[in-house]
Protein chains: 2
Amino acid sequence: MALAGPEPGGALDRLIQLLARLPGFGPRSARRAALQLISRRESLMAPLAAALAEALDKVRPCSRCGNLDTMDPCAVCRDPARDAGVVCVVESVGDLWAIERSGAFRGLYHVLGGHLSAIDGIGPDELRIPALIARLGAPLREVVLALNATVDGQTTAHYIAAQLAGRGVAVTRLAHGVPVGGELDYLDDGTLAAALKARRPSAE
Amino acid sequence: MALAGPEPGGALDRLIQLLARLPGFGPRSARRAALQLISRRESLMAPLAAALAEALDKVRPCSRCGNLDTMDPCAVCRDPARDAGVVCVVESVGDLWAIERSGAFRGLYHVLGGHLSAIDGIGPDELRIPALIARLGAPLREVVLALNATVDGQTTAHYIAAQLAGRGVAVTRLAHGVPVGGELDYLDDGTLAAALKARRPSAE
Ligand SMILES: [Zn+2]
Ligand SMILES: [Zn+2]
């Protein structure tokens with residue numbers, strides 16, 4: 001009953017229940033969002049419905065790097081001005097966006113889709129690590145491990161560094177500057193830019 | 001650039017910009033919500049797109065009371081078990097939902113769509129007050145003014161009470177119990193139920 005508002009099971013109720021599942025939303029904020037949508041039918045609700053339908057139809061992971069885009073390869077992979085000699089490995093697309101916002105990186109990316117986790121049963125094959133190995137070879141000269149400074153993130157970075165050792169590619173990590181325990185997507189752009197510039201060779 | 005994430009102007013960027021306009025959301029939470037939607041394409045994104053499209057197509061204000069529903073009259077107005085002798089006047093559909101959640105009211109509603117506001121240029125005709133006057137006559141015996149305990153809400157209640165005076169209908173207000181300055185939608189259900197049960201005749 002806590003969610004009760006519009007007629008249970010009706011179109012509005014379903015909309016509220018789904019909005020309540022978005023991160024940061026609960027039943028109350030979902031009700032408010034639904035009312036706001038309906039009160040701005042033409043300026044907000046119709047465009048949002050169209051944008052959702054379009055994203056649902058067109059946005060897919062890039063088959064090369066795992067970034068999300070309406071085209072495959074994605075805009076980053078297609079950009080001839082980017083340095084194909086450096087690939088930055090990130091856990092999530094949100095981290096990729098954070099690094100792009102820093103403006104400090106002009107290479108390509110590789111999105112793992114998470115981190116190694118014994119508890120969650122996530123191993124290398126769940127993480128697009130084989131796909132990363134498959135990208136080795138010319139022109140690739142450096143892999144930047146930009147994983148979260150969490151235990152799982154650093155475990156994942158160690159694992160990848162070991163896999164890449166002796167394969168003719170430099171493996172670097174973000175410099176200290178990333179707070180211990182911090183997640184990339186919460187950093188200000190300047191900190192992230194500094195950490196990228198001061199990146200150092202990776203110890204296994 | 002603060003919103004930058006996916007390719008500017010692309011389908012994902014548009015989705016994030018629209019999500020960022022929902023109440024309680026900003027650029028960062030909108031980016032997270034978009035990523036969550038895409039990572040739960042079948043279980044969340046597709047149902048939300050469908051629910052939005054359906055609500056956009058079908059949800060309309062009830063022509064009698066202003067409630068939102070897929071049918072007109074709405075489920076409350078159509079319910080023969082509700083007491084058509086009592087109409088509860090509220091500012092918004094969110095307030096109507098809050099009173100329904102309290103379970104303490106079995107009459108009908110009248111949604112004003114806001115409150116009188118000199119600053120915002122909102123007068124009686126913008127508020128469905130004429131439509132409320134038009135509902136007077138048998139079987140209506142009581143109008144409960146359940147407006148927010150804000151200055152504007154109480155000004156609106158005074159104005160409506162004056163309009164209804166001498167027209168053969170009892171005009172009541174929610175009892176004290178609603179905190180001064182409080183908004184109905186933020187009250188716990190028990191407080192709202194108590195305030196409804198102890199409602200008193202309205203002084204103009
Ligand atoms: Zn790509
Ligand atoms: Zn109605």
# chains A, B, ... in the order shown; residues from 1 in each chain; ligands from 1
call {"tool": "residues_around", "arguments": {"residues": "stretch 80-87 of chain B", "least_positions_apart": "3", "cutoff": "8 Å", "atoms": "only C-alpha atoms", "output": "PyMOL selection string"}}
result
chain B and resi 76-77+106-110+138-144
call {"tool": "write_last_selection", "arguments": {"atoms": "C-alpha atoms", "output": "PDB file, in the first residue's frame"}}
result
ATOM      1  CA  VAL B  76     -13.017   7.309  -7.608  1.00  0.00           C
ATOM      2  CA  CYS B  77     -15.909   9.158  -9.292  1.00  0.00           C
ATOM      3  CA  ARG B 106     -14.669   7.660   1.428  1.00  0.00           C
ATOM      4  CA  GLY B 107     -16.168  10.663  -0.357  1.00  0.00           C
ATOM      5  CA  LEU B 108     -15.273  12.232  -3.705  1.00  0.00           C
ATOM      6  CA  TYR B 109     -12.572  14.757  -4.597  1.00  0.00           C
ATOM      7  CA  HIS B 110     -12.070  18.041  -6.349  1.00  0.00           C
ATOM      8  CA  ALA B 138     -27.994  17.627  -4.093  1.00  0.00           C
ATOM      9  CA  PRO B 139     -26.548  15.238  -3.009  1.00  0.00           C
ATOM     10  CA  LEU B 140     -23.578  17.379  -1.913  1.00  0.00           C
ATOM     11  CA  ARG B 141     -23.816  18.231   1.793  1.00  0.00           C
ATOM     12  CA  GLU B 142     -20.181  18.837   2.801  1.00  0.00           C
ATOM     13  CA  VAL B 143     -17.035  20.256   1.227  1.00  0.00           C
ATOM     14  CA  VAL B 144     -13.809  19.376   3.063  1.00  0.00           C
TER      15      VAL B 144
END
call {"tool": "closest_atom_pairs", "arguments": {"of": "chain B", "to": "ligand 2", "cutoff": "9 Å", "atoms": "only C-alpha atoms and all ligand atoms", "output": "JSON lines"}}
result
{"residue": "B:Pro61", "atom": "CA", "partner": "ligand 2", "partner_atom_place_in_ligand_line": "1 (Zn)", "distance": 7.8}
{"residue": "B:Cys62", "atom": "CA", "partner": "ligand 2", "partner_atom_place_in_ligand_line": "1 (Zn)", "distance": 4.6}
{"residue": "B:Ser63", "atom": "CA", "partner": "ligand 2", "partner_atom_place_in_ligand_line": "1 (Zn)", "distance": 6.7}
{"residue": "B:Arg64", "atom": "CA", "partner": "ligand 2", "partner_atom_place_in_ligand_line": "1 (Zn)", "distance": 5.1}
{"residue": "B:Cys65", "atom": "CA", "partner": "ligand 2", "partner_atom_place_in_ligand_line": "1 (Zn)", "distance": 4.1}
{"residue": "B:Gly66", "atom": "CA", "partner": "ligand 2", "partner_atom_place_in_ligand_line": "1 (Zn)", "distance": 5.9}
{"residue": "B:Asn67", "atom": "CA", "partner": "ligand 2", "partner_atom_place_in_ligand_line": "1 (Zn)", "distance": 5.2}
{"residue": "B:Leu68", "atom": "CA", "partner": "ligand 2", "partner_atom_place_in_ligand_line": "1 (Zn)", "distance": 7.6}
{"residue": "B:Asp69", "atom": "CA", "partner": "ligand 2", "partner_atom_place_in_ligand_line": "1 (Zn)", "distance": 8.1}
{"residue": "B:Met71", "atom": "CA", "partner": "ligand 2", "partner_atom_place_in_ligand_line": "1 (Zn)", "distance": 9.0}
{"residue": "B:Asp72", "atom": "CA", "partner": "ligand 2", "partner_atom_place_in_ligand_line": "1 (Zn)", "distance": 7.0}
{"residue": "B:Pro73", "atom": "CA", "partner": "ligand 2", "partner_atom_place_in_ligand_line": "1 (Zn)", "distance": 5.0}
{"residue": "B:Cys74", "atom": "CA", "partner": "ligand 2", "partner_atom_place_in_ligand_line": "1 (Zn)", "distance": 4.1}
{"residue": "B:Ala75", "atom": "CA", "partner": "ligand 2", "partner_atom_place_in_ligand_line": "1 (Zn)", "distance": 6.6}
{"residue": "B:Val76", "atom": "CA", "partner": "ligand 2", "partner_atom_place_in_ligand_line": "1 (Zn)", "distance": 5.6}
{"residue": "B:Cys77", "atom": "CA", "partner": "ligand 2", "partner_atom_place_in_ligand_line": "1 (Zn)", "distance": 4.3}
{"residue": "B:Arg78", "atom": "CA", "partner": "ligand 2", "partner_atom_place_in_ligand_line": "1 (Zn)", "distance": 7.3}
{"residue": "B:Leu108", "atom": "CA", "partner": "ligand 2", "partner_atom_place_in_ligand_line": "1 (Zn)", "distance": 7.5}
{"residue": "B:Tyr109", "atom": "CA", "partner": "ligand 2", "partner_atom_place_in_ligand_line": "1 (Zn)", "distance": 6.9}
{"residue": "B:His110", "atom": "CA", "partner": "ligand 2", "partner_atom_place_in_ligand_line": "1 (Zn)", "distance": 7.7}
{"residue": "B:Val111", "atom": "CA", "partner": "ligand 2", "partner_atom_place_in_ligand_line": "1 (Zn)", "distance": 8.9}
call {"tool": "write_last_selection", "arguments": {"atoms": "N, CA and C atoms", "output": "JSON list (two decimals), in the first residue's frame"}}
result
[["chain", "number", "residue", "atom", "x", "y", "z"],
["B", 61, "PRO", "N", -6.85, 13.95, -17.11],
["B", 61, "PRO", "CA", -7.56, 14.41, -15.91],
["B", 61, "PRO", "C", -9.04, 14.04, -16.00],
["B", 62, "CYS", "N", -9.61, 13.62, -14.89],
["B", 62, "CYS", "CA", -11.05, 13.33, -14.81],
["B", 62, "CYS", "C", -11.81, 14.65, -15.01],
["B", 63, "SER", "N", -12.81, 14.63, -15.88],
["B", 63, "SER", "CA", -13.55, 15.86, -16.16],
["B", 63, "SER", "C", -14.40, 16.31, -14.97],
["B", 64, "ARG", "N", -14.69, 15.39, -14.05],
["B", 64, "ARG", "CA", -15.47, 15.79, -12.87],
["B", 64, "ARG", "C", -14.59, 16.33, -11.76],
["B", 65, "CYS", "N", -13.53, 15.57, -11.41],
["B", 65, "CYS", "CA", -12.81, 15.89, -10.17],
["B", 65, "CYS", "C", -11.36, 16.32, -10.40],
["B", 66, "GLY", "N", -10.83, 16.10, -11.59],
["B", 66, "GLY", "CA", -9.44, 16.50, -11.84],
["B", 66, "GLY", "C", -8.41, 15.45, -11.49],
["B", 67, "ASN", "N", -8.84, 14.33, -10.93],
["B", 67, "ASN", "CA", -7.94, 13.20, -10.67],
["B", 67, "ASN", "C", -7.39, 12.68, -12.00],
["B", 68, "LEU", "N", -6.29, 11.96, -11.97],
["B", 68, "LEU", "CA", -5.71, 11.40, -13.19],
["B", 68, "LEU", "C", -6.07, 9.93, -13.30],
["B", 69, "ASP", "N", -6.53, 9.52, -14.47],
["B", 69, "ASP", "CA", -6.91, 8.12, -14.66],
["B", 69, "ASP", "C", -6.95, 7.83, -16.16],
["B", 71, "MET", "N", -9.56, 6.34, -17.39],
["B", 71, "MET", "CA", -10.96, 6.46, -17.76],
["B", 71, "MET", "C", -11.52, 7.77, -17.24],
["B", 72, "ASP", "N", -12.55, 8.25, -17.88],
["B", 72, "ASP", "CA", -13.19, 9.49, -17.48],
["B", 72, "ASP", "C", -14.69, 9.24, -17.44],
["B", 73, "PRO", "N", -15.40, 9.36, -16.31],
["B", 73, "PRO", "CA", -14.87, 9.75, -15.00],
["B", 73, "PRO", "C", -13.87, 8.73, -14.44],
["B", 74, "CYS", "N", -13.11, 9.20, -13.46],
["B", 74, "CYS", "CA", -12.05, 8.38, -12.89],
["B", 74, "CYS", "C", -12.59, 7.27, -11.99],
["B", 75, "ALA", "N", -11.72, 6.40, -11.54],
["B", 75, "ALA", "CA", -12.14, 5.25, -10.70],
["B", 75, "ALA", "C", -12.82, 5.72, -9.42],
["B", 76, "VAL", "N", -12.38, 6.82, -8.84],
["B", 76, "VAL", "CA", -13.02, 7.31, -7.61],
["B", 76, "VAL", "C", -14.44, 7.79, -7.92],
["B", 77, "CYS", "N", -14.58, 8.62, -8.95],
["B", 77, "CYS", "CA", -15.91, 9.16, -9.29],
["B", 77, "CYS", "C", -16.88, 8.05, -9.72],
["B", 78, "ARG", "N", -16.34, 6.98, -10.33],
["B", 78, "ARG", "CA", -17.21, 5.89, -10.81],
["B", 78, "ARG", "C", -17.62, 4.93, -9.70],
["B", 108, "LEU", "N", -15.86, 11.92, -2.40],
["B", 108, "LEU", "CA", -15.27, 12.23, -3.70],
["B", 108, "LEU", "C", -14.26, 13.38, -3.55],
["B", 109, "TYR", "N", -13.62, 13.73, -4.64],
["B", 109, "TYR", "CA", -12.57, 14.76, -4.60],
["B", 109, "TYR", "C", -12.86, 15.90, -5.57],
["B", 110, "HIS", "N", -12.14, 16.97, -5.35],
["B", 110, "HIS", "CA", -12.07, 18.04, -6.35],
["B", 110, "HIS", "C", -10.65, 18.59, -6.33],
["B", 111, "VAL", "N", -9.93, 18.37, -7.43],
["B", 111, "VAL", "CA", -8.53, 18.79, -7.52],
["B", 111, "VAL", "C", -8.46, 20.19, -8.13]]
call {"tool": "interface_residues", "arguments": {"of": "chain A", "to": "chain B", "cutoff": "6 Å", "atoms": "only C-alpha atoms", "output": "ChimeraX atom specification"}}
result
/A:5,11-12,15,18,22-23,33,48-49,51-53,55,97
call {"tool": "write_last_selection", "arguments": {"atoms": "N, CA and C atoms", "output": "PDB file, in the first residue's frame"}}
result
ATOM      1  N   GLY A   5      -1.359   5.138  -4.988  1.00  0.00           N
ATOM      2  CA  GLY A   5      -1.565   6.481  -5.473  1.00  0.00           C
ATOM      3  C   GLY A   5      -2.665   6.354  -6.491  1.00  0.00           C
ATOM      4  N   ALA A  11      -2.292   2.188 -15.717  1.00  0.00           N
ATOM      5  CA  ALA A  11      -1.141   2.674 -16.484  1.00  0.00           C
ATOM      6  C   ALA A  11      -0.255   3.578 -15.630  1.00  0.00           C
ATOM      7  N   LEU A  12      -0.867   4.422 -14.826  1.00  0.00           N
ATOM      8  CA  LEU A  12      -0.105   5.362 -14.022  1.00  0.00           C
ATOM      9  C   LEU A  12       0.628   4.631 -12.901  1.00  0.00           C
ATOM     10  N   LEU A  15       3.631   2.936 -14.334  1.00  0.00           N
ATOM     11  CA  LEU A  15       4.689   3.922 -14.597  1.00  0.00           C
ATOM     12  C   LEU A  15       5.430   4.268 -13.299  1.00  0.00           C
ATOM     13  N   LEU A  18       7.720   1.454 -12.040  1.00  0.00           N
ATOM     14  CA  LEU A  18       8.955   1.328 -12.822  1.00  0.00           C
ATOM     15  C   LEU A  18       9.906   2.483 -12.512  1.00  0.00           C
ATOM     16  N   LEU A  22      14.387   3.132 -10.556  1.00  0.00           N
ATOM     17  CA  LEU A  22      15.590   3.847 -11.008  1.00  0.00           C
ATOM     18  C   LEU A  22      16.466   4.169  -9.797  1.00  0.00           C
ATOM     19  N   PRO A  23      17.808   4.185  -9.989  1.00  0.00           N
ATOM     20  CA  PRO A  23      18.695   4.471  -8.858  1.00  0.00           C
ATOM     21  C   PRO A  23      18.424   5.869  -8.306  1.00  0.00           C
ATOM     22  N   ALA A  33       7.694  12.314  -9.748  1.00  0.00           N
ATOM     23  CA  ALA A  33       8.182  12.338 -11.132  1.00  0.00           C
ATOM     24  C   ALA A  33       7.037  12.066 -12.103  1.00  0.00           C
ATOM     25  N   LEU A  48      10.483  12.313 -23.505  1.00  0.00           N
ATOM     26  CA  LEU A  48      11.136  11.241 -22.754  1.00  0.00           C
ATOM     27  C   LEU A  48      10.699   9.871 -23.279  1.00  0.00           C
ATOM     28  N   ALA A  49       9.395   9.737 -23.560  1.00  0.00           N
ATOM     29  CA  ALA A  49       8.908   8.470 -24.123  1.00  0.00           C
ATOM     30  C   ALA A  49       9.606   8.184 -25.452  1.00  0.00           C
ATOM     31  N   ALA A  51      12.560   9.410 -26.477  1.00  0.00           N
ATOM     32  CA  ALA A  51      13.991   9.174 -26.276  1.00  0.00           C
ATOM     33  C   ALA A  51      14.236   7.764 -25.730  1.00  0.00           C
ATOM     34  N   LEU A  52      13.361   7.314 -24.838  1.00  0.00           N
ATOM     35  CA  LEU A  52      13.496   5.954 -24.299  1.00  0.00           C
ATOM     36  C   LEU A  52      13.308   4.928 -25.410  1.00  0.00           C
ATOM     37  N   ALA A  53      12.272   5.134 -26.215  1.00  0.00           N
ATOM     38  CA  ALA A  53      12.009   4.183 -27.293  1.00  0.00           C
ATOM     39  C   ALA A  53      13.174   4.157 -28.274  1.00  0.00           C
ATOM     40  N   ALA A  55      16.385   5.056 -27.689  1.00  0.00           N
ATOM     41  CA  ALA A  55      17.568   4.452 -27.061  1.00  0.00           C
ATOM     42  C   ALA A  55      17.408   2.940 -26.977  1.00  0.00           C
ATOM     43  N   TRP A  97      32.755   7.617 -19.433  1.00  0.00           N
ATOM     44  CA  TRP A  97      32.236   8.987 -19.542  1.00  0.00           C
ATOM     45  C   TRP A  97      32.996   9.931 -18.612  1.00  0.00           C
TER      46      TRP A  97
END
call {"tool": "select_by_dssp", "arguments": {"residues": "stretch 25-109 of chain A", "states": "alpha helix (DSSP H)", "output": "PDB file with C-alpha atoms, in the first residue's frame"}}
result
ATOM      1  CA  PRO A  27       8.016   5.374  -4.170  1.00  0.00           C
ATOM      2  CA  ARG A  28       7.559   9.011  -3.189  1.00  0.00           C
ATOM      3  CA  SER A  29       9.974  10.495  -5.690  1.00  0.00           C
ATOM      4  CA  ALA A  30       8.536   8.206  -8.364  1.00  0.00           C
ATOM      5  CA  ARG A  31       5.034   9.557  -7.680  1.00  0.00           C
ATOM      6  CA  ARG A  32       6.348  13.111  -7.907  1.00  0.00           C
ATOM      7  CA  ALA A  33       8.182  12.338 -11.132  1.00  0.00           C
ATOM      8  CA  ALA A  34       5.031  10.789 -12.641  1.00  0.00           C
ATOM      9  CA  LEU A  35       2.970  13.864 -11.755  1.00  0.00           C
ATOM     10  CA  GLN A  36       5.661  16.135 -13.171  1.00  0.00           C
ATOM     11  CA  LEU A  37       5.707  14.103 -16.376  1.00  0.00           C
ATOM     12  CA  ILE A  38       1.937  14.353 -16.764  1.00  0.00           C
ATOM     13  CA  SER A  39       1.891  18.060 -15.985  1.00  0.00           C
ATOM     14  CA  ALA A  46       6.373  12.870 -24.871  1.00  0.00           C
ATOM     15  CA  PRO A  47      10.077  13.627 -25.532  1.00  0.00           C
ATOM     16  CA  LEU A  48      11.136  11.241 -22.754  1.00  0.00           C
ATOM     17  CA  ALA A  49       8.908   8.470 -24.123  1.00  0.00           C
ATOM     18  CA  ALA A  50      10.405   9.043 -27.587  1.00  0.00           C
ATOM     19  CA  ALA A  51      13.991   9.174 -26.276  1.00  0.00           C
ATOM     20  CA  LEU A  52      13.496   5.954 -24.299  1.00  0.00           C
ATOM     21  CA  ALA A  53      12.009   4.183 -27.293  1.00  0.00           C
ATOM     22  CA  GLU A  54      14.831   5.405 -29.530  1.00  0.00           C
ATOM     23  CA  ALA A  55      17.568   4.452 -27.061  1.00  0.00           C
ATOM     24  CA  LEU A  56      15.913   1.076 -26.561  1.00  0.00           C
ATOM     25  CA  ASP A  57      15.859   0.545 -30.298  1.00  0.00           C
ATOM     26  CA  LYS A  58      19.286   1.896 -31.209  1.00  0.00           C
ATOM     27  CA  ALA A  75      32.007   7.323 -31.959  1.00  0.00           C
ATOM     28  CA  VAL A  76      35.251   6.972 -29.986  1.00  0.00           C
ATOM     29  CA  CYS A  77      36.430   3.914 -31.935  1.00  0.00           C
ATOM     30  CA  ARG A  78      35.474   5.571 -35.239  1.00  0.00           C
ATOM     31  CA  VAL A  93      30.629   2.990 -19.339  1.00  0.00           C
ATOM     32  CA  GLY A  94      30.038   5.495 -16.528  1.00  0.00           C
ATOM     33  CA  ASP A  95      33.797   5.467 -15.850  1.00  0.00           C
ATOM     34  CA  LEU A  96      34.493   5.922 -19.566  1.00  0.00           C
ATOM     35  CA  TRP A  97      32.236   8.987 -19.542  1.00  0.00           C
ATOM     36  CA  ALA A  98      34.027  10.318 -16.433  1.00  0.00           C
ATOM     37  CA  ILE A  99      37.403  10.052 -18.180  1.00  0.00           C
ATOM     38  CA  GLU A 100      36.019  11.689 -21.315  1.00  0.00           C
ATOM     39  CA  ARG A 101      34.752  14.574 -19.181  1.00  0.00           C
ATOM     40  CA  SER A 102      38.276  15.061 -17.805  1.00  0.00           C
TER      41      SER A 102
END
call {"tool": "residues_around", "arguments": {"residues": "stretch 151-162 of chain B", "least_positions_apart": "6", "cutoff": "7 Å", "atoms": "only C-alpha atoms", "output": "list in words"}}
result
His115, Leu116, Ser117, Leu145, Val171 and Glu204 of chain B
call {"tool": "write_last_selection", "arguments": {"atoms": "C-alpha atoms", "output": "PDB file, in the first residue's frame"}}
result
ATOM      1  CA  HIS B 115      -3.442  27.426  -5.065  1.00  0.00           C
ATOM      2  CA  LEU B 116      -4.227  31.116  -5.456  1.00  0.00           C
ATOM      3  CA  SER B 117      -1.025  33.075  -5.957  1.00  0.00           C
ATOM      4  CA  LEU B 145     -11.051  21.888   2.349  1.00  0.00           C
ATOM      5  CA  VAL B 171     -17.628  23.674   4.679  1.00  0.00           C
ATOM      6  CA  GLU B 204     -14.156  32.127   6.685  1.00  0.00           C
TER       7      GLU B 204
END
call {"tool": "closest_residue", "arguments": {"among": "A:Arg135, A:Leu127, A:Cys88, A:Gln163", "to": "A:Arg199", "atoms": "only C-alpha atoms"}}
result
A:Cys88
call {"tool": "closest_residue", "arguments": {"among": "B:Ile119, B:Thr150, B:Ala104, B:Gly168", "to": "B:Glu183", "atoms": "only C-alpha atoms"}}
result
B:Thr150
call {"tool": "select_by_dssp", "arguments": {"residues": "chain B", "states": "strand (DSSP E or B)", "output": "PyMOL selection string"}}
result
chain B and resi 60-61+68-69+83-90+107-111+117+122+142-145+170-173+176+178+200-201
call {"tool": "closest_residue", "arguments": {"among": "A:Val89, A:Ser202, A:Ile133, A:Leu147", "to": "ligand 1", "atoms": "only C-alpha atoms and all ligand atoms"}}
result
A:Val89
call {"tool": "atom_distance", "arguments": {"atom1": "atom CA of B:Glu126", "atom2": "atom CA of A:Arg40"}}
result
16.5 Å
call {"tool": "atom_distance", "arguments": {"atom1": "atom CA of A:Ala146", "atom2": "atom CA of A:Ala170"}}
result
13.9 Å
call {"tool": "atom_distance", "arguments": {"atom1": "atom CA of A:Pro130", "atom2": "atom CA of A:Val169"}}
result
15.6 Å
call {"tool": "decode", "arguments": {"residues": "stretch 131-180 of chain A", "atoms": "C-alpha atoms", "output": "compact mmCIF listing (two decimals), in the first residue's frame"}}
result
# COMPACT_ATOMS: atom_id res chain seq x y z
CA ALA A 131 38.40 -9.46 -25.78
CA LEU A 132 41.07 -7.18 -24.33
CA ILE A 133 43.78 -9.78 -24.93
CA ALA A 134 42.51 -10.07 -28.49
CA ARG A 135 43.20 -6.38 -29.04
CA LEU A 136 46.95 -6.80 -28.38
CA GLY A 137 49.34 -6.32 -31.30
CA ALA A 138 50.21 -3.33 -33.49
CA PRO A 139 49.45 -0.46 -33.15
CA LEU A 140 48.74 -1.00 -29.44
CA ARG A 141 51.70 0.11 -27.31
CA GLU A 142 50.10 0.97 -23.93
CA VAL A 143 47.22 -0.28 -21.82
CA VAL A 144 46.12 2.13 -19.06
CA LEU A 145 44.36 0.33 -16.22
CA ALA A 146 41.81 2.88 -14.97
CA LEU A 147 39.96 0.69 -12.52
CA ASN A 148 38.28 1.83 -9.35
CA ALA A 149 40.60 2.18 -6.33
CA THR A 150 38.56 -0.44 -4.48
CA VAL A 151 39.79 -3.87 -3.40
CA ASP A 152 37.92 -5.55 -6.26
CA GLY A 153 39.06 -2.94 -8.76
CA GLN A 154 42.70 -3.32 -7.78
CA THR A 155 42.46 -7.12 -7.74
CA THR A 156 41.13 -6.89 -11.27
CA ALA A 157 43.95 -4.53 -12.26
CA HIS A 158 46.57 -6.95 -10.86
CA TYR A 159 45.00 -9.84 -12.74
CA ILE A 160 44.96 -7.97 -16.03
CA ALA A 161 48.54 -6.69 -15.57
CA ALA A 162 49.65 -10.32 -15.08
CA GLN A 163 47.82 -11.40 -18.22
CA LEU A 164 49.43 -8.63 -20.27
CA ALA A 165 52.99 -9.10 -18.92
CA GLY A 166 55.58 -10.03 -21.55
CA ARG A 167 53.27 -9.34 -24.47
CA GLY A 168 55.06 -6.27 -25.78
CA VAL A 169 52.67 -3.71 -24.39
CA ALA A 170 53.32 -1.20 -21.60
CA VAL A 171 50.83 -1.50 -18.76
CA THR A 172 50.20 1.62 -16.70
CA ARG A 173 47.81 2.61 -13.97
CA LEU A 174 46.24 5.87 -12.90
CA ALA A 175 48.55 7.80 -10.59
CA HIS A 176 47.78 8.25 -6.97
CA GLY A 177 45.40 11.10 -6.79
CA VAL A 178 42.46 8.77 -6.95
CA PRO A 179 41.38 8.60 -3.29
CA VAL A 180 41.72 5.16 -1.74
